[in-house]
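Q: One structure, pasted below without further comment.
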Protein chains: 2
Amino acid sequence: MPANPQTLLRDLGENALLRRILPLLPPGRHVAVGPGDDCAVVRLPGSPTDLLYTTDAVIERRHFPAWRDCAPSGVTPAMIGRKALARTLSDIAAMGGTPLHALVDLVAPADLPVPFALGLFRGMRTLAHQHAVGIIGGDTAEGPALELHLTAVGTVPRRRAILRSGARPGDILYVTGRLGASWRPGNKKHYTFLPRLAEGRFLLPWATSMMDLSDGLSTDLPRLLDASRAGAALDFESIPLSPAARRTPDPLASALADGEDFELLFTIPEKKQPAFARAWRAAFPRLPATPIGRILADPAARPLPPGGWQHFRS
Amino acid sequence: MPANPQTLLRDLGENALLRRILPLLPPGRHVAVGPGDDCAVVRLPGSPTDLLYTTDAVIERRHFPAWRDCAPSGVTPAMIGRKALARTLSDIAAMGGTPLHALVDLVAPADLPVPFALGLFRGMRTLAHQHAVGIIGGDTAEGPALELHLTAVGTVPRRRAILRSGARPGDILYVTGRLGASWRPGNKKHYTFLPRLAEGRFLLPWATSMMDLSDGLSTDLPRLLDASRAGAALDFESIPLSPAARRTPDPLASALADGEDFELLFTIPEKKQPAFARAWRAAFPRLPATPIGRILADPAARPLPPGGWQHFRS
């Protein structure tokens, strides 16, 4: 269908735009998993590990306040830089991978103070050190809004990456941590969240499918179900609510739709569930992994109305 | 030296900003060449090839007209998409590498027409097909200006990448093609240029150093000389001028400072020069490779005043 020249991105929304873009992307060689999962997976001939690639951007007024409003809001440049890198590390975690390298494109207005720009990189550096990630390249350019564009590279044992497409009927749906209100006033979790890298690697022998929760369970679960050509039933009472979500007027809606949780959503075969629960508690005694529902064979079984965040439709 | 909180990016300029950022970047594992060359070079244990990584952005009103002015200026969305990818392929060419994959971050205002957005990807696809490059991932986000952020991944035989740092006293400086006026009115070369990929690979056994000319010879040659801790003498009369540069009031200044030539600048040991010249003409009969000067041992021998394009100082 040719695109109507009158249709604007705001009429279409991000999801429909991506459905139009994906068929235009040339597939390339050595690509085990192309666009549509948390990372692309590249399998070079003779390499013992697969390579993982992901990109993500944080943009002024979308993912953090206008830079002049940051100081009054208690947001430091380091928090912004940290968030930008952490989002891509969360994508690597969602494949069961280990991050190795990142590249950074900075776009900034010419009237940005130099210490603010350097603070962005200090925030990235602190997180990069914690995960032995090298920042190996990038670019700087002038533009009207402050933006950081991150590309992260990781590795995962050959053929072992956990995809969105592997959920099977009967599998149990899990989430790590507690959901909701990550960016609501007074909560800074969308800056300070810990990319679930150790947890993602731990899940390599357990999970049949996995993704990270960036746009909210109500937006992200359908993506996992679409990729797995499956449906699901949710036990809404079991969805773990963050303390900040509990303080909102509608805690469940906050947990489902606010987004920026950066927790892992994954599936475990029912037979493995008791052993998995024991192994998880032993490995991560302070981080809950909560069963919240079950995968169903019928792809039409969708427990949630569409919701969550979409670019161009704010 | 702590950054003065009153200093703005426009006071510092891109080059000085990069000198402040580079020490903040964590080095990481398996990095053969970090930030500062055309690409980063990664050498994974046991891999027969090195990996090349580069990022680059094209931004509305900087690298192409405001999107509403594109049609009246004869600039199509496909030309913009093509340019964005071609710039990163030129970086891969400048290492002697072969591009394999790219990732694309699109930033766009919500009132961008959908066909314009899709046209960007059609332009990338055409060039990607020509070089068997897969577009394997990316992201879309809303922002005030139209931008494409590209990351390209390439390969080069292990330990064979041609760096900026390899020029030696006595080497002959060469450029491919003809320089200048790439973006001047009536010239579309900055959209239509051919990334010199075959030429870059041909140079693997010949060149001691190489980079691509993105910001103009007067800005880029000092970068090669800094990396090689060397100086140079230029024969200004021999610098090959593009037909468009010849139509400007000062053709040599245009060739030196306009930028966006995306030709290769490289060095050949003097002893190899006759054999190189024959081999080049046989391989690329329609593309000149012109000797324009010589590398000198004295790093203070700089044939050009600083010039060319710098972000934040326009």
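We name chains A, B, ... following the order of the structure tokens; residues begin at 1 in each chain, and ligands are numbered from 1 as shown.
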Would you list, as a ChimeraX atom specification, the residues of region 69-233 of chain B that end up in strand (DSSP E) under DSSP run on this structure's backbone?
A: /B:98-108,134-142,147-157,172-176,209-212,231-233
Q: Residues of the last selection are to be written out with C-alpha atoms, as a PDB file, in the first residue's frame.
A:
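The file below, selection.pdb, is the result:
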```pdb
ATOM      1  CA  THR B  98      34.415  -4.315   4.231  1.00  0.00           C
ATOM      2  CA  PRO B  99      31.068  -3.199   5.689  1.00  0.00           C
ATOM      3  CA  LEU B 100      28.703  -5.911   6.880  1.00  0.00           C
ATOM      4  CA  HIS B 101      25.928  -4.384   8.944  1.00  0.00           C
ATOM      5  CA  ALA B 102      24.391  -1.083   9.961  1.00  0.00           C
ATOM      6  CA  LEU B 103      21.963   0.088  12.646  1.00  0.00           C
ATOM      7  CA  VAL B 104      19.768   3.160  12.233  1.00  0.00           C
ATOM      8  CA  ASP B 105      18.378   5.544  14.859  1.00  0.00           C
ATOM      9  CA  LEU B 106      15.757   7.841  13.357  1.00  0.00           C
ATOM     10  CA  VAL B 107      14.744  11.010  15.232  1.00  0.00           C
ATOM     11  CA  ALA B 108      11.845  12.871  13.635  1.00  0.00           C
ATOM     12  CA  GLY B 134      22.393  -5.570   6.156  1.00  0.00           C
ATOM     13  CA  ILE B 135      20.433  -3.083   8.247  1.00  0.00           C
ATOM     14  CA  ILE B 136      19.950  -5.213  11.326  1.00  0.00           C
ATOM     15  CA  GLY B 137      18.474  -2.933  13.930  1.00  0.00           C
ATOM     16  CA  GLY B 138      17.832   0.524  15.213  1.00  0.00           C
ATOM     17  CA  ASP B 139      15.297   2.703  16.876  1.00  0.00           C
ATOM     18  CA  THR B 140      12.802   5.494  16.188  1.00  0.00           C
ATOM     19  CA  ALA B 141      12.085   8.432  18.473  1.00  0.00           C
ATOM     20  CA  GLU B 142      10.322  11.765  18.355  1.00  0.00           C
ATOM     21  CA  GLU B 147      18.163  13.179  12.291  1.00  0.00           C
ATOM     22  CA  LEU B 148      19.612   9.859  11.239  1.00  0.00           C
ATOM     23  CA  HIS B 149      22.231   8.247  13.464  1.00  0.00           C
ATOM     24  CA  LEU B 150      24.029   5.382  11.793  1.00  0.00           C
ATOM     25  CA  THR B 151      26.316   2.777  13.260  1.00  0.00           C
ATOM     26  CA  ALA B 152      28.233   0.649  10.757  1.00  0.00           C
ATOM     27  CA  VAL B 153      30.040  -2.612  11.455  1.00  0.00           C
ATOM     28  CA  GLY B 154      32.728  -3.949   9.149  1.00  0.00           C
ATOM     29  CA  THR B 155      35.512  -6.470   9.024  1.00  0.00           C
ATOM     30  CA  VAL B 156      39.160  -6.289   8.023  1.00  0.00           C
ATOM     31  CA  PRO B 157      41.787  -9.052   8.040  1.00  0.00           C
ATOM     32  CA  ILE B 172      54.131  10.336  -0.215  1.00  0.00           C
ATOM     33  CA  LEU B 173      50.717  11.856   0.571  1.00  0.00           C
ATOM     34  CA  TYR B 174      47.922  10.963  -1.852  1.00  0.00           C
ATOM     35  CA  VAL B 175      44.264  11.809  -2.311  1.00  0.00           C
ATOM     36  CA  THR B 176      41.695  10.035  -4.448  1.00  0.00           C
ATOM     37  CA  SER B 209      48.231   5.409   6.845  1.00  0.00           C
ATOM     38  CA  MET B 210      44.764   6.415   5.701  1.00  0.00           C
ATOM     39  CA  MET B 211      41.662   8.425   6.605  1.00  0.00           C
ATOM     40  CA  ASP B 212      38.659   9.774   4.743  1.00  0.00           C
ATOM     41  CA  GLY B 231      54.644  16.877   9.763  1.00  0.00           C
ATOM     42  CA  ALA B 232      54.145  17.348   6.046  1.00  0.00           C
ATOM     43  CA  ALA B 233      54.903  19.542   3.070  1.00  0.00           C
TER      44      ALA B 233
END
```
Q: Please extract the residues of region 119-244 of chain A with a backbone DSSP assignment of alpha helix (DSSP H) and present them as number ranges by chain.
A: A: 119-130, 189-192, 197-202, 217-228, 243-244
Q: Identify, on the basis of only C-alpha atoms, every residue whose closest approach to Gly259 (chain A) does not exceed 6 Å; exclude the query and any residue fewer than 3 positions from it along the same chain; express the result as a PDB file with N, CA and C atoms, in the first residue's frame.
A:
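Result went into out23.pdb, see below:
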```
ATOM      1  N   SER A 214      10.615  -1.975  28.629  1.00  0.00           N
ATOM      2  CA  SER A 214      10.976  -0.571  28.461  1.00  0.00           C
ATOM      3  C   SER A 214       9.740   0.302  28.290  1.00  0.00           C
ATOM      4  N   ASP A 215       8.700  -0.206  27.662  1.00  0.00           N
ATOM      5  CA  ASP A 215       7.528   0.622  27.373  1.00  0.00           C
ATOM      6  C   ASP A 215       6.320   0.264  28.240  1.00  0.00           C
ATOM      7  N   GLY A 216       6.473  -0.641  29.178  1.00  0.00           N
ATOM      8  CA  GLY A 216       5.364  -1.056  30.037  1.00  0.00           C
ATOM      9  C   GLY A 216       4.836  -2.420  29.618  1.00  0.00           C
TER      10      GLY A 216
END
```
Q: What does the distance between CA of Trp206 (chain B) and CA of Thr267 (chain B) come to in Å, to one decimal place?
A: 8.4 Å
Q: Fewer than 5 positions away in the same chain doesn't count, so skip those; otherwise give me all residues within 6 Å of Leu213 (chain A), counting only C-alpha atoms, as a PyMOL selection string.
A: chain A and resi 261-263
Q: Can you spit out the residues from that selection as an mmCIF file, in the first residue's frame, using C-alpha atoms?
A:
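Now in result.cif:
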```cif
data_model
loop_
_atom_site.group_PDB
_atom_site.id
_atom_site.type_symbol
_atom_site.label_atom_id
_atom_site.label_comp_id
_atom_site.auth_asym_id
_atom_site.auth_seq_id
_atom_site.Cartn_x
_atom_site.Cartn_y
_atom_site.Cartn_z
ATOM 1 C CA ASP A 261 10.782 -0.385 34.347
ATOM 2 C CA PHE A 262 13.791 -2.070 32.699
ATOM 3 C CA GLU A 263 12.943 -5.321 34.427
#
```
Q: Could you give me, as JSON lines, every chain A residue with an atom at most 7 Å from chain B, plus its closest atom pair and distance in Å to one decimal, counting only C-alpha atoms, rows ordered by chain then number?
A:
```
{"residue": "A:Ala3", "atom": "CA", "partner": "B:Pro115", "partner_atom": "CA", "distance": 5.6}
{"residue": "A:Pro5", "atom": "CA", "partner": "B:Pro115", "partner_atom": "CA", "distance": 5.9}
{"residue": "A:Gln6", "atom": "CA", "partner": "B:Pro113", "partner_atom": "CA", "distance": 6.4}
{"residue": "A:Thr7", "atom": "CA", "partner": "B:Pro113", "partner_atom": "CA", "distance": 5.6}
{"residue": "A:Leu8", "atom": "CA", "partner": "B:Pro113", "partner_atom": "CA", "distance": 4.1}
{"residue": "A:Leu9", "atom": "CA", "partner": "B:Ala110", "partner_atom": "CA", "distance": 5.1}
{"residue": "A:Arg10", "atom": "CA", "partner": "B:Ala110", "partner_atom": "CA", "distance": 4.8}
{"residue": "A:Ile21", "atom": "CA", "partner": "B:Leu118", "partner_atom": "CA", "distance": 6.4}
{"residue": "A:Leu24", "atom": "CA", "partner": "B:Phe121", "partner_atom": "CA", "distance": 6.6}
{"residue": "A:Leu25", "atom": "CA", "partner": "B:Ile135", "partner_atom": "CA", "distance": 5.5}
{"residue": "A:Pro26", "atom": "CA", "partner": "B:Gly134", "partner_atom": "CA", "distance": 5.0}
{"residue": "A:Pro27", "atom": "CA", "partner": "B:Gly134", "partner_atom": "CA", "distance": 4.7}
{"residue": "A:Gly28", "atom": "CA", "partner": "B:Gly134", "partner_atom": "CA", "distance": 3.4}
{"residue": "A:Arg29", "atom": "CA", "partner": "B:Gly134", "partner_atom": "CA", "distance": 6.7}
{"residue": "A:Gly34", "atom": "CA", "partner": "B:Ile136", "partner_atom": "CA", "distance": 4.9}
{"residue": "A:Pro35", "atom": "CA", "partner": "B:Gly137", "partner_atom": "CA", "distance": 4.5}
{"residue": "A:Ala40", "atom": "CA", "partner": "B:Ile136", "partner_atom": "CA", "distance": 6.0}
{"residue": "A:Ser47", "atom": "CA", "partner": "B:Ser47", "partner_atom": "CA", "distance": 6.0}
{"residue": "A:Thr54", "atom": "CA", "partner": "B:Gly137", "partner_atom": "CA", "distance": 6.7}
{"residue": "A:Thr55", "atom": "CA", "partner": "B:Gly138", "partner_atom": "CA", "distance": 5.5}
{"residue": "A:Asp56", "atom": "CA", "partner": "B:Asp139", "partner_atom": "CA", "distance": 6.1}
{"residue": "A:His101", "atom": "CA", "partner": "B:Gly28", "partner_atom": "CA", "distance": 6.8}
{"residue": "A:Ala110", "atom": "CA", "partner": "B:Arg10", "partner_atom": "CA", "distance": 4.8}
{"residue": "A:Asp111", "atom": "CA", "partner": "B:Leu8", "partner_atom": "CA", "distance": 5.3}
{"residue": "A:Leu112", "atom": "CA", "partner": "B:Leu8", "partner_atom": "CA", "distance": 5.4}
{"residue": "A:Pro113", "atom": "CA", "partner": "B:Leu8", "partner_atom": "CA", "distance": 4.1}
{"residue": "A:Val114", "atom": "CA", "partner": "B:Leu8", "partner_atom": "CA", "distance": 5.2}
{"residue": "A:Pro115", "atom": "CA", "partner": "B:Ala3", "partner_atom": "CA", "distance": 5.6}
{"residue": "A:Leu118", "atom": "CA", "partner": "B:Ile21", "partner_atom": "CA", "distance": 6.4}
{"residue": "A:Phe121", "atom": "CA", "partner": "B:Leu24", "partner_atom": "CA", "distance": 6.5}
{"residue": "A:Arg122", "atom": "CA", "partner": "B:Leu24", "partner_atom": "CA", "distance": 6.5}
{"residue": "A:Arg125", "atom": "CA", "partner": "B:Pro26", "partner_atom": "CA", "distance": 6.1}
{"residue": "A:Ala128", "atom": "CA", "partner": "B:Pro26", "partner_atom": "CA", "distance": 6.9}
{"residue": "A:His129", "atom": "CA", "partner": "B:Pro26", "partner_atom": "CA", "distance": 6.8}
{"residue": "A:Ala132", "atom": "CA", "partner": "B:Gly28", "partner_atom": "CA", "distance": 6.1}
{"residue": "A:Val133", "atom": "CA", "partner": "B:Gly28", "partner_atom": "CA", "distance": 5.3}
{"residue": "A:Gly134", "atom": "CA", "partner": "B:Gly28", "partner_atom": "CA", "distance": 3.4}
{"residue": "A:Ile135", "atom": "CA", "partner": "B:Leu25", "partner_atom": "CA", "distance": 5.5}
{"residue": "A:Ile136", "atom": "CA", "partner": "B:Gly34", "partner_atom": "CA", "distance": 4.9}
{"residue": "A:Gly137", "atom": "CA", "partner": "B:Pro35", "partner_atom": "CA", "distance": 4.5}
{"residue": "A:Gly138", "atom": "CA", "partner": "B:Thr55", "partner_atom": "CA", "distance": 5.5}
{"residue": "A:Asp139", "atom": "CA", "partner": "B:Asp56", "partner_atom": "CA", "distance": 6.1}
{"residue": "A:Ala141", "atom": "CA", "partner": "B:His311", "partner_atom": "CA", "distance": 5.7}
{"residue": "A:Glu142", "atom": "CA", "partner": "B:Phe312", "partner_atom": "CA", "distance": 5.6}
{"residue": "A:Pro144", "atom": "CA", "partner": "B:Ala145", "partner_atom": "CA", "distance": 6.9}
{"residue": "A:Ala145", "atom": "CA", "partner": "B:Pro144", "partner_atom": "CA", "distance": 6.9}
{"residue": "A:His311", "atom": "CA", "partner": "B:Ala141", "partner_atom": "CA", "distance": 5.7}
{"residue": "A:Phe312", "atom": "CA", "partner": "B:Ala110", "partner_atom": "CA", "distance": 5.0}
```
Q: Using only C-alpha atoms, which protein or nucleic acid residues come within 7 Å of Ser165 (chain B)? Drop anything in the same chain fewer than 4 positions from it, and give the result as number ranges by chain.
A: B: 209, 224, 227-228
Q: Keeping N, CA and C atoms for every residue in the selection just given, could you write it to a file as a short mmCIF file (atom, residue, chain, number, x, y, z; two decimals), in the first residue's frame?
A:
```
data_model
loop_
_atom_site.label_atom_id
_atom_site.label_comp_id
_atom_site.auth_asym_id
_atom_site.auth_seq_id
_atom_site.Cartn_x
_atom_site.Cartn_y
_atom_site.Cartn_z
N SER B 209 49.24 4.73 6.03
CA SER B 209 48.23 5.41 6.84
C SER B 209 47.09 5.81 5.93
N LEU B 224 45.65 13.40 10.74
CA LEU B 224 46.53 12.30 10.34
C LEU B 224 47.96 12.55 10.84
N ALA B 227 48.16 12.00 14.61
CA ALA B 227 48.16 10.57 14.94
C ALA B 227 49.50 9.93 14.62
N SER B 228 50.15 10.40 13.56
CA SER B 228 51.43 9.83 13.13
C SER B 228 52.62 10.55 13.76
#
```
Q: So how far away is CA of Ala283 (chain A) from CA of Asp258 (chain A), in Å?
A: 28.7 Å
Q: I'd like the contact shell of Tyr191 (chain A) - 7 Å cut-off, only C-alpha atoms, skipping same-chain residues fewer than 5 positions apart - returned as a VMD selection string.
A: chain A and resid 79 to 80 82 to 83
Q: Please determine, counting only C-alpha atoms, which residue among B:Gly170, B:Leu197, B:Ser182, B:Glu270 has the shortest atom-to-atom distance to Gln130 (chain B).
A: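 So, comparing all the options, the nearest one is B:Leu197.
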Q: What does the distance between CA of Arg302 (chain A) and CA of Leu225 (chain A) come to in Å, to one decimal place?
A: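 It comes out at 8.6 Å.
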